[in-house]
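Text of the file work24.cif, holding mmCIF, C-alpha atoms:
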```cif
data_run
loop_
_atom_site.label_atom_id
_atom_site.label_comp_id
_atom_site.auth_asym_id
_atom_site.auth_seq_id
_atom_site.Cartn_x
_atom_site.Cartn_y
_atom_site.Cartn_z
CA MET F 186 38.29 -72.68 -8.37
CA ASN F 187 38.09 -73.32 -4.62
CA HIS F 188 35.25 -72.22 -2.36
CA GLN F 189 37.16 -69.23 -0.96
CA ILE F 190 37.70 -67.83 -4.45
CA GLY F 191 34.06 -68.52 -5.24
CA ARG F 192 32.90 -66.56 -2.19
CA THR F 193 35.19 -63.67 -3.06
CA LEU F 194 33.95 -63.51 -6.63
CA ALA F 195 30.35 -63.64 -5.44
CA ARG F 196 30.89 -60.49 -3.39
CA LEU F 197 32.61 -58.45 -6.06
CA HIS F 198 29.68 -56.78 -7.69
CA GLY F 199 29.64 -53.72 -9.82
CA LEU F 200 26.42 -53.46 -11.83
CA PHE F 201 24.79 -55.50 -14.37
CA THR F 202 21.78 -53.43 -14.61
CA LEU F 203 22.45 -51.24 -17.27
CA GLY F 204 24.48 -54.45 -17.55
CA LEU F 205 24.91 -57.63 -19.48
CA VAL F 206 22.30 -56.55 -21.97
CA HIS F 207 20.27 -54.49 -19.60
CA ALA F 208 20.55 -51.15 -21.31
CA PRO F 209 17.37 -49.17 -20.62
CA SER F 210 15.11 -48.17 -23.45
CA ALA F 211 15.40 -44.57 -24.58
CA HIS F 212 14.76 -42.57 -27.70
CA GLY F 213 17.39 -43.66 -30.16
CA CYS F 214 18.13 -46.93 -28.38
CA ALA F 215 21.83 -46.80 -29.16
CA ALA F 216 22.21 -43.42 -27.46
CA CYS F 217 21.03 -44.59 -24.06
CA GLY F 218 24.38 -45.74 -22.84
CA CYS F 219 26.49 -48.83 -23.08
CA SER F 220 25.97 -52.02 -21.17
CA LEU F 221 28.04 -51.93 -18.02
CA ALA F 222 29.17 -55.37 -16.83
CA SER F 223 30.20 -54.18 -13.43
CA ASP F 224 28.65 -57.24 -11.88
CA TRP F 225 31.90 -59.01 -11.16
CA GLU F 226 30.00 -62.27 -11.49
CA SER F 227 30.57 -61.81 -15.17
CA GLN F 228 34.13 -62.69 -14.28
CA GLY F 229 33.36 -65.67 -12.09
CA TYR F 230 30.00 -66.75 -10.77
CA SER F 231 30.13 -68.22 -7.31
CA VAL F 232 30.24 -72.00 -7.11
CA GLU F 233 28.35 -72.12 -3.81
CA PRO F 234 24.56 -72.66 -3.88
CA GLY F 235 22.39 -69.87 -2.52
CA PHE F 236 20.69 -66.53 -3.11
CA LYS F 237 22.10 -63.09 -3.83
CA LEU F 238 20.19 -59.80 -3.73
CA ASP F 239 21.25 -56.69 -5.60
CA VAL F 240 19.80 -53.17 -5.73
CA THR F 241 21.37 -50.86 -8.31
CA TYR F 242 20.77 -47.22 -9.20
CA ALA F 243 21.94 -45.82 -12.56
CA TYR F 244 21.77 -42.25 -13.85
CA LEU F 245 22.41 -41.36 -17.49
CA GLU F 246 22.18 -37.83 -18.89
CA GLN F 247 21.63 -37.09 -22.59
CA GLU F 248 21.89 -33.42 -23.59
CA GLN F 249 24.31 -33.22 -26.51
CA LEU F 250 22.80 -33.35 -30.02
CA ARG F 251 24.79 -35.61 -32.29
CA SER F 252 24.67 -36.87 -35.86
CA GLY F 253 27.10 -39.57 -36.93
CA THR F 254 30.39 -38.99 -35.12
CA HIS F 255 29.95 -35.22 -34.69
CA ASN F 256 28.33 -32.96 -32.10
CA ILE F 257 25.84 -30.59 -33.70
CA SER F 258 23.84 -27.49 -32.71
CA PRO F 259 20.02 -27.21 -32.77
CA GLY F 260 20.28 -25.14 -35.95
CA ASP F 261 21.81 -28.13 -37.74
CA VAL F 262 18.63 -30.19 -37.36
CA PRO F 263 16.35 -29.57 -40.38
CA GLU F 264 12.62 -29.02 -39.95
CA GLY F 265 10.78 -32.28 -40.31
CA GLN F 266 13.33 -33.99 -38.08
CA GLU F 267 12.63 -34.02 -34.35
CA LEU F 268 14.67 -31.53 -32.34
CA GLU F 269 15.23 -33.02 -28.89
CA LYS F 270 16.43 -30.99 -25.93
CA SER F 271 17.29 -33.39 -23.09
CA THR F 272 16.67 -36.82 -21.60
CA ARG F 273 17.53 -37.81 -18.03
CA ASN F 274 17.32 -41.48 -17.12
CA ASN F 275 17.07 -42.79 -13.55
CA ILE F 276 16.96 -46.59 -13.40
CA THR F 277 16.70 -48.54 -10.14
CA THR F 278 16.93 -52.30 -10.59
CA LEU F 279 16.15 -55.14 -8.21
CA GLY F 280 18.23 -58.20 -9.02
CA LEU F 281 17.83 -61.71 -7.59
CA ASP F 282 20.29 -64.49 -8.34
CA TYR F 283 20.12 -68.17 -7.36
CA ILE F 284 22.96 -70.66 -7.71
CA PHE F 285 21.90 -74.31 -7.95
CA ASN F 286 25.45 -75.67 -8.09
CA SER F 287 28.86 -74.84 -9.56
CA ASP F 288 27.50 -75.29 -13.11
CA TRP F 289 24.01 -73.78 -13.13
CA GLY F 290 22.45 -70.51 -12.01
CA VAL F 291 19.49 -68.23 -12.77
CA SER F 292 18.85 -64.52 -12.32
CA LEU F 293 15.92 -62.10 -12.41
CA ASP F 294 16.16 -58.34 -12.94
CA LEU F 295 13.24 -55.92 -12.61
CA PRO F 296 13.93 -52.20 -13.26
CA TRP F 297 12.02 -49.15 -12.09
CA VAL F 298 12.35 -46.53 -14.84
CA ALA F 299 12.06 -42.81 -14.09
CA ARG F 300 12.73 -40.65 -17.14
CA GLU F 301 12.32 -36.96 -17.96
CA HIS F 302 12.39 -35.82 -21.57
CA SER F 303 11.87 -32.58 -23.47
CA THR F 304 11.66 -31.95 -27.21
CA LEU F 305 10.71 -29.22 -29.67
CA GLY F 306 9.29 -31.78 -32.07
CA GLU F 307 9.54 -31.80 -35.83
CA SER F 308 8.33 -28.19 -36.14
CA HIS F 309 11.01 -26.93 -33.69
CA ASP F 310 8.58 -24.43 -32.15
CA GLU F 311 6.50 -26.29 -29.55
CA LEU F 312 8.15 -27.56 -26.38
CA GLN F 313 6.77 -30.85 -25.13
CA THR F 314 7.83 -32.56 -21.93
CA SER F 315 7.27 -35.95 -20.39
CA SER F 316 7.92 -37.53 -17.02
CA THR F 317 7.47 -41.28 -16.67
CA SER F 318 7.92 -43.46 -13.61
CA SER F 319 6.97 -47.14 -13.56
CA ILE F 320 8.37 -50.65 -13.74
CA GLY F 321 10.29 -51.63 -16.86
CA ASP F 322 10.67 -54.95 -18.63
CA LEU F 323 11.44 -58.03 -16.53
CA ARG F 324 14.48 -60.07 -17.51
CA LEU F 325 14.98 -63.77 -16.75
CA MET F 326 18.37 -65.33 -17.46
CA GLY F 327 19.88 -68.77 -17.01
CA ARG F 328 23.59 -69.60 -17.21
CA PHE F 329 25.85 -72.63 -17.54
CA GLN F 330 29.58 -72.59 -16.82
CA GLY F 331 30.38 -76.26 -16.43
CA PHE F 332 32.46 -76.64 -19.58
CA THR F 333 35.74 -76.86 -17.63
CA SER F 334 36.76 -77.73 -14.08
CA GLU F 335 37.86 -74.09 -13.54
CA HIS F 336 34.36 -72.78 -14.41
CA ARG F 337 35.82 -69.77 -16.19
CA PHE F 338 33.84 -69.99 -19.41
CA GLY F 339 30.07 -69.63 -19.47
CA LEU F 340 26.97 -69.15 -21.61
CA THR F 341 23.81 -67.24 -20.76
CA LEU F 342 20.34 -67.55 -22.27
CA GLY F 343 17.17 -65.77 -21.30
CA ILE F 344 14.15 -63.71 -22.17
CA LYS F 345 12.91 -60.15 -21.65
CA LEU F 346 9.19 -59.95 -20.95
CA ALA F 347 6.89 -57.06 -21.82
CA THR F 348 6.06 -56.00 -18.27
CA GLY F 349 6.81 -52.28 -18.75
CA SER F 350 4.28 -49.71 -19.95
CA PHE F 351 4.48 -48.56 -23.58
CA THR F 352 1.44 -46.24 -23.57
CA ASP F 353 2.72 -43.24 -21.56
CA THR F 354 2.10 -39.73 -22.92
CA PHE F 355 3.65 -36.27 -23.01
CA SER F 356 2.25 -33.73 -20.55
CA SER F 357 0.10 -32.44 -23.43
CA GLY F 358 -1.58 -35.84 -23.74
CA GLU F 359 0.16 -36.71 -27.01
CA PRO F 360 1.55 -40.25 -27.22
CA LEU F 361 5.14 -40.50 -26.01
CA ASP F 362 7.74 -41.80 -28.46
CA ARG F 363 7.93 -45.59 -28.23
CA GLY F 364 11.68 -45.46 -27.69
CA LEU F 365 11.12 -43.38 -24.53
CA GLN F 366 8.60 -45.72 -22.92
CA PRO F 367 9.50 -47.73 -19.79
CA GLY F 368 8.94 -50.91 -21.81
CA THR F 369 9.22 -51.90 -25.45
CA GLY F 370 6.06 -54.02 -25.53
CA THR F 371 8.03 -56.87 -27.09
CA THR F 372 9.39 -60.22 -25.97
CA ASP F 373 13.16 -60.34 -26.56
CA LEU F 374 15.71 -63.13 -26.68
CA LEU F 375 18.81 -62.61 -24.51
CA ALA F 376 21.99 -64.58 -25.14
CA GLY F 377 25.60 -64.16 -24.12
CA VAL F 378 29.02 -65.66 -23.55
CA TYR F 379 31.71 -64.74 -21.01
CA TYR F 380 35.20 -65.71 -19.92
CA PHE F 381 37.27 -64.62 -16.93
CA GLY F 382 40.74 -65.33 -15.63
CA THR F 383 43.92 -64.04 -13.98
CA PHE F 384 47.26 -63.13 -15.52
CA ALA F 385 49.30 -62.14 -12.44
CA LYS F 386 49.02 -62.05 -8.68
CA ASN F 387 46.01 -59.88 -7.67
CA TRP F 388 45.14 -59.09 -11.30
CA GLY F 389 42.02 -60.40 -13.01
CA TYR F 390 40.27 -59.83 -16.32
CA PHE F 391 37.09 -60.73 -18.15
CA ALA F 392 35.46 -60.52 -21.57
CA GLN F 393 31.74 -60.70 -22.24
CA ALA F 394 29.55 -60.52 -25.35
CA ALA F 395 25.76 -60.33 -25.29
CA LEU F 396 22.88 -60.12 -27.74
CA GLN F 397 19.33 -58.83 -27.33
CA THR F 398 16.92 -59.27 -30.23
CA PRO F 399 13.11 -58.91 -30.31
CA LEU F 400 11.08 -62.02 -31.14
CA ASP F 401 8.02 -60.02 -32.16
CA SER F 402 6.64 -56.52 -32.71
CA ARG F 403 3.95 -54.78 -30.67
CA ALA F 404 1.55 -52.01 -31.68
CA ASP F 405 3.51 -51.17 -34.85
CA TYR F 406 6.88 -51.04 -33.08
CA LYS F 407 9.94 -53.28 -33.01
CA PRO F 408 13.18 -52.23 -31.28
CA GLY F 409 16.46 -52.79 -33.04
CA THR F 410 18.71 -55.72 -32.21
CA ALA F 411 21.56 -54.74 -29.87
CA GLU F 412 24.97 -56.29 -29.33
CA ASN F 413 27.16 -55.47 -26.33
CA LEU F 414 30.84 -56.23 -25.77
CA ASN F 415 32.54 -55.62 -22.42
CA VAL F 416 36.13 -56.17 -21.32
CA GLY F 417 37.49 -55.39 -17.88
CA LEU F 418 40.40 -55.45 -15.50
CA ARG F 419 40.57 -55.42 -11.70
CA TYR F 420 43.12 -55.37 -8.89
CA THR F 421 42.48 -57.27 -5.65
CA GLY F 422 45.61 -56.45 -3.65
CA ILE F 423 44.12 -53.69 -1.45
CA GLY F 424 42.05 -55.79 0.91
CA GLY F 425 38.36 -54.91 0.76
CA VAL F 426 38.78 -52.16 -1.86
CA ILE F 427 38.77 -53.47 -5.43
CA PRO F 428 39.39 -50.92 -8.22
CA GLN F 429 38.12 -51.91 -11.66
CA PHE F 430 38.28 -50.56 -15.19
CA GLN F 431 36.06 -51.50 -18.11
CA VAL F 432 35.61 -50.74 -21.78
CA ASN F 433 31.98 -51.11 -22.87
CA GLY F 434 30.85 -51.25 -26.49
CA ARG F 435 27.33 -51.27 -27.92
CA ILE F 436 25.93 -51.59 -31.45
CA ALA F 437 22.18 -51.09 -31.84
CA GLY F 438 20.14 -51.49 -35.00
CA ARG F 439 17.42 -49.09 -36.10
CA ASP F 440 13.95 -49.44 -34.62
CA SER F 441 11.24 -50.40 -37.11
CA GLY F 442 7.49 -50.15 -37.54
CA ALA F 443 4.97 -47.36 -38.10
CA GLU F 444 5.43 -46.07 -34.51
CA ALA F 445 9.24 -46.17 -34.62
CA ASP F 446 11.59 -43.29 -35.34
CA ALA F 447 13.73 -45.40 -37.66
CA LEU F 448 15.82 -42.49 -38.97
CA ASP F 449 16.83 -41.28 -35.49
CA SER F 450 17.58 -44.59 -33.79
CA GLY F 451 20.49 -47.00 -33.62
CA GLY F 452 24.23 -46.52 -33.76
CA SER F 453 27.51 -47.49 -32.14
CA LEU F 454 29.06 -46.36 -28.85
CA ILE F 455 32.17 -47.08 -26.78
CA PHE F 456 32.49 -46.06 -23.13
CA ILE F 457 35.26 -46.27 -20.56
CA SER F 458 34.03 -47.11 -17.07
CA PRO F 459 36.29 -46.83 -14.02
CA GLY F 460 34.82 -48.04 -10.76
CA VAL F 461 35.44 -49.53 -7.36
CA THR F 462 33.83 -52.19 -5.16
CA PHE F 463 33.93 -51.99 -1.34
CA GLU F 464 33.62 -55.18 0.68
CA VAL F 465 31.80 -53.99 3.81
CA THR F 466 31.42 -57.45 5.37
CA HIS F 467 31.75 -61.07 4.29
CA GLN F 468 28.24 -60.88 2.81
CA LEU F 469 27.73 -57.19 2.00
CA ALA F 470 29.38 -55.11 -0.74
CA THR F 471 28.78 -51.70 -2.34
CA TYR F 472 30.05 -50.37 -5.65
CA VAL F 473 30.14 -47.30 -7.86
CA PHE F 474 31.09 -46.79 -11.53
CA VAL F 475 31.32 -43.77 -13.82
CA GLN F 476 30.77 -44.10 -17.58
CA VAL F 477 32.32 -41.65 -20.05
CA PRO F 478 31.81 -41.92 -23.84
CA VAL F 479 34.95 -42.05 -25.99
CA TYR F 480 33.29 -42.88 -29.34
CA GLN F 481 29.74 -42.30 -30.59
CA ASN F 482 28.37 -42.80 -34.09
CA LEU F 483 24.60 -42.25 -34.07
CA ASN F 484 22.07 -42.52 -36.88
CA GLY F 485 20.09 -39.41 -37.75
CA TYR F 486 19.84 -36.71 -35.07
CA GLN F 487 19.96 -38.00 -31.50
CA LEU F 488 20.76 -36.88 -27.98
CA ALA F 489 24.09 -38.41 -26.99
CA PRO F 490 24.98 -39.30 -23.38
CA ASN F 491 27.45 -36.96 -21.69
CA TRP F 492 28.16 -39.23 -18.75
CA GLY F 493 26.57 -41.78 -16.46
CA ILE F 494 26.99 -43.11 -12.95
CA THR F 495 25.97 -46.39 -11.36
CA ALA F 496 25.95 -47.29 -7.67
CA GLY F 497 24.52 -50.18 -5.74
CA VAL F 498 24.57 -52.63 -2.90
CA ARG F 499 24.74 -56.40 -2.98
CA TYR F 500 24.01 -58.98 -0.26
CA VAL F 501 24.94 -62.68 -0.37
CA PHE F 502 22.72 -64.95 1.72
#
```

Hey, can you dump this file as C-alpha cells for me?
Amino acid sequence: MNHQIGRTLARLHGLFTLGLVHAPSAHGCAACGCSLASDWESQGYSVEPGFKLDVTYAYLEQEQLRSGTHNISPGDVPEGQELEKSTRNNITTLGLDYIFNSDWGVSLDLPWVAREHSTLGESHDELQTSSTSSIGDLRLMGRFQGFTSEHRFGLTLGIKLATGSFTDTFSSGEPLDRGLQPGTGTTDLLAGVYYFGTFAKNWGYFAQAALQTPLDSRADYKPGTAENLNVGLRYTGIGGVIPQFQVNGRIAGRDSGAEADALDSGGSLIFISPGVTFEVTHQLATYVFVQVPVYQNLNGYQLAPNWGITAGVRYVF
C-alpha cells in the first residue's frame, strides 16, 4: 500500500461510533441497533503517522414492540412483563486516533449519551419517563496490521472503562433500568479482526468481526456478551464522493444479575446501511449513513429499532 492510498483511506470515514463494537447501551441491549463500521479505516488504516479527530452523531429510534421475529401490539404483552412505549437515543462521540507507524495504532472514543424513554411498567397502568444526558463509557483500543506487507489484515484489542453513570432515575425518582443507563458500570474486553481489499478498479470491500464481553459485574448487573459482524462495499470512481453499502449483524446475550431484565434482553439483528462520504479537502471529510433493520429476533418483549441515522466529520492532522 503506497502513501497516497494510505492518505485516501485515512480520509474515508463513515462512523465507528455506534461502530466496531460501540453500540450504545439501551434496554434490551440487542435492540439498540447494530454496530456500524462506517469508519472506512476498518478497510485500511492509514500507514502515515499522525493524529485524526472524529466527531460523530448517531440517532436511533425504538418504538415498535417485538417478541422473537414478530411485531406485536401492547395488548400482547402480559401483565408482569414491562410494557415499554418508546426509546430515542442520541449519541455524540468524540474519537481520537493516533498512528505510530504502518503496523501500530491506538484509538480513544468517548460518547455523550442523551436518551429519552417512556414505559408503562409491569402493571401497564402507570406511565414513567426518563431523560438522561451525560458521558458514556470510554473505550480504548489498540490495533496491529503488520502481518503482511499490504497491511490489509489486522487485529484489535482494547477495553471499555466504566466512566458512564449507572445511577440515573426516572422522573418519579425510581431507579432507571440498568440497560438504559449511560454506562454499564462494568469493565469490558474489546477484541476484533478485520480484512479489506479490492476486487476491481474503484471497487473495495471489507469484513470485520468484533467481540465485547464484560470482565466483571457491578451493583448486581452484568451486560450480555455481544458479537458484531460487518461487511461492506464502496465505489471510489466519483472523485470526492464515495458511496458505500454495509450489512451489519449483531448477536447479544441476555443481561444477568438481580438488577438486570434478563427475560427482555438480548437477541439477534441484521441491518442494511447505505451511506456516503464526502471529501471536502485533503484533510477534512464528512459522512452520513442510514440504518434499516431487515431481520430482528429479540428475547422477551422489547422495543425494536425502526431506523437510525449517523453523520459526522473527520479531520486528519

Quiz item: So what does the PyMOL selection byres ((chain F and resi 387) around 7) actually pick up in this one, as a list in words?
Solution: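 After applying the PyMOL selection byres ((chain F and resi 387) around 7), what remains is Ala385, Lys386, Trp388, Gly389, Tyr420, Thr421 and Gly422 of chain F.
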
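Counting all atoms listed in the file and comparing F:Gln366, F:Asn275, F:Thr371, F:Ser450, the residue that lies closest to Asn482 (chain F) is F:Ser450.
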
Exercise. Find the residues near region 305-308 of chain F: any atom within 7 Å, counting only C-alpha atoms, skip ones fewer than 2 places away on the same chain, and give them as a VMD selection string.
Key: chain F and resid 264 to 269 310 to 313

Take the residues from that selection and put them in a file with C-alpha atoms, as a PDB file, in the frame of the given file.
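This is the output file result18.pdb:
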```pdb
ATOM      1  CA  GLU F 264      12.620 -29.020 -39.950  1.00  0.00           C
ATOM      2  CA  GLY F 265      10.780 -32.280 -40.310  1.00  0.00           C
ATOM      3  CA  GLN F 266      13.330 -33.990 -38.080  1.00  0.00           C
ATOM      4  CA  GLU F 267      12.630 -34.020 -34.350  1.00  0.00           C
ATOM      5  CA  LEU F 268      14.670 -31.530 -32.340  1.00  0.00           C
ATOM      6  CA  GLU F 269      15.230 -33.020 -28.890  1.00  0.00           C
ATOM      7  CA  ASP F 310       8.580 -24.430 -32.150  1.00  0.00           C
ATOM      8  CA  GLU F 311       6.500 -26.290 -29.550  1.00  0.00           C
ATOM      9  CA  LEU F 312       8.150 -27.560 -26.380  1.00  0.00           C
ATOM     10  CA  GLN F 313       6.770 -30.850 -25.130  1.00  0.00           C
TER      11      GLN F 313
END
```

Quiz item: Quick one: distance from CA of Trp492 (chain F) to CA of Glu246 (chain F) in Å, one decimal?
Solution: 6.1 Å

Quiz item: Between F:Val498, F:Leu346, F:Val477, F:Gly485, which is the closest to Asn256 (chain F) once you count only C-alpha atoms?
Solution: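 Under the stated criterion, the closest residue is F:Gly485.
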
Quiz prompt | Gly343 (chain F) environment, 10 Å, all atoms listed in the file, sequence neighbours closer than 5 positions dropped, as a ChimeraX atom specification | solution = /F:291-293,324-328,373-377,397

Take the residues from that selection and put them in a file with C-alpha atoms, as a short mmCIF file (atom, residue, chain, number, x, y, z; two decimals), in the frame of the given file.
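Final output, saved to again30.cif:
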```
data_model
loop_
_atom_site.label_atom_id
_atom_site.label_comp_id
_atom_site.auth_asym_id
_atom_site.auth_seq_id
_atom_site.Cartn_x
_atom_site.Cartn_y
_atom_site.Cartn_z
CA VAL F 291 19.49 -68.23 -12.77
CA SER F 292 18.85 -64.52 -12.32
CA LEU F 293 15.92 -62.10 -12.41
CA ARG F 324 14.48 -60.07 -17.51
CA LEU F 325 14.98 -63.77 -16.75
CA MET F 326 18.37 -65.33 -17.46
CA GLY F 327 19.88 -68.77 -17.01
CA ARG F 328 23.59 -69.60 -17.21
CA ASP F 373 13.16 -60.34 -26.56
CA LEU F 374 15.71 -63.13 -26.68
CA LEU F 375 18.81 -62.61 -24.51
CA ALA F 376 21.99 -64.58 -25.14
CA GLY F 377 25.60 -64.16 -24.12
CA GLN F 397 19.33 -58.83 -27.33
#
```

Exercise. For the structure provided, state which residues fall under the PyMOL selection byres ((chain F and resi 407-410) around 12), and present them as a ChimeraX atom specification.
Key: /F:206,208-215,351,363-366,368-376,395-406,411-413,435-452

Practice problem: Could you check which of F:Ile257, F:Leu454, F:Val501, F:Leu488 is closest to Arg273 (chain F), using all atoms listed in the file? | Solution: F:Leu488

Quiz prompt | 7 Å contact set for Thr495 (chain F), all atoms listed in the file, chain neighbours under 2 positions out, as a PyMOL selection string | solution = chain F and resi 242-244+473-475+493+497

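In this model, the gap between CA of Val240 (chain F) and CA of Ala392 (chain F) comes to 23.5 Å.
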
Self-check item: Shortest interatomic distance to Asn286 (chain F) - which of F:His467, F:Arg300, F:His309, F:His336, counting all atoms listed in the file
Solution: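 Residue with the minimum atom-to-atom distance to Asn286 (chain F): F:His336.
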
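Across the structure, CA of Gln476 (chain F) and CA of Asp362 (chain F) are spaced 25.6 Å apart.
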
Quiz item: Within 12 Å of (31.7, -55.7, 6.8), in the coordinates the file gives, what residues turn up when you count all atoms listed in the file, written out as an MDAnalysis selection string?
Solution: chainID F and resid 196 424:426 463:471 500

Exercise. Run the PyMOL selection byres ((chain F and resi 479-481) around 7) against the file shown and list the residues it catches, as a VMD selection string.
Key: chain F and resid 254 453 to 457 477 to 478 482 to 483

Quiz item: For Asp294 (chain F), which residue among F:Leu250, F:Ile423, F:Leu340, F:Leu238 is the nearest when counting all atoms listed in the file?
Solution: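 Ranked by minimum distance to Asp294 (chain F), first place goes to F:Leu238.
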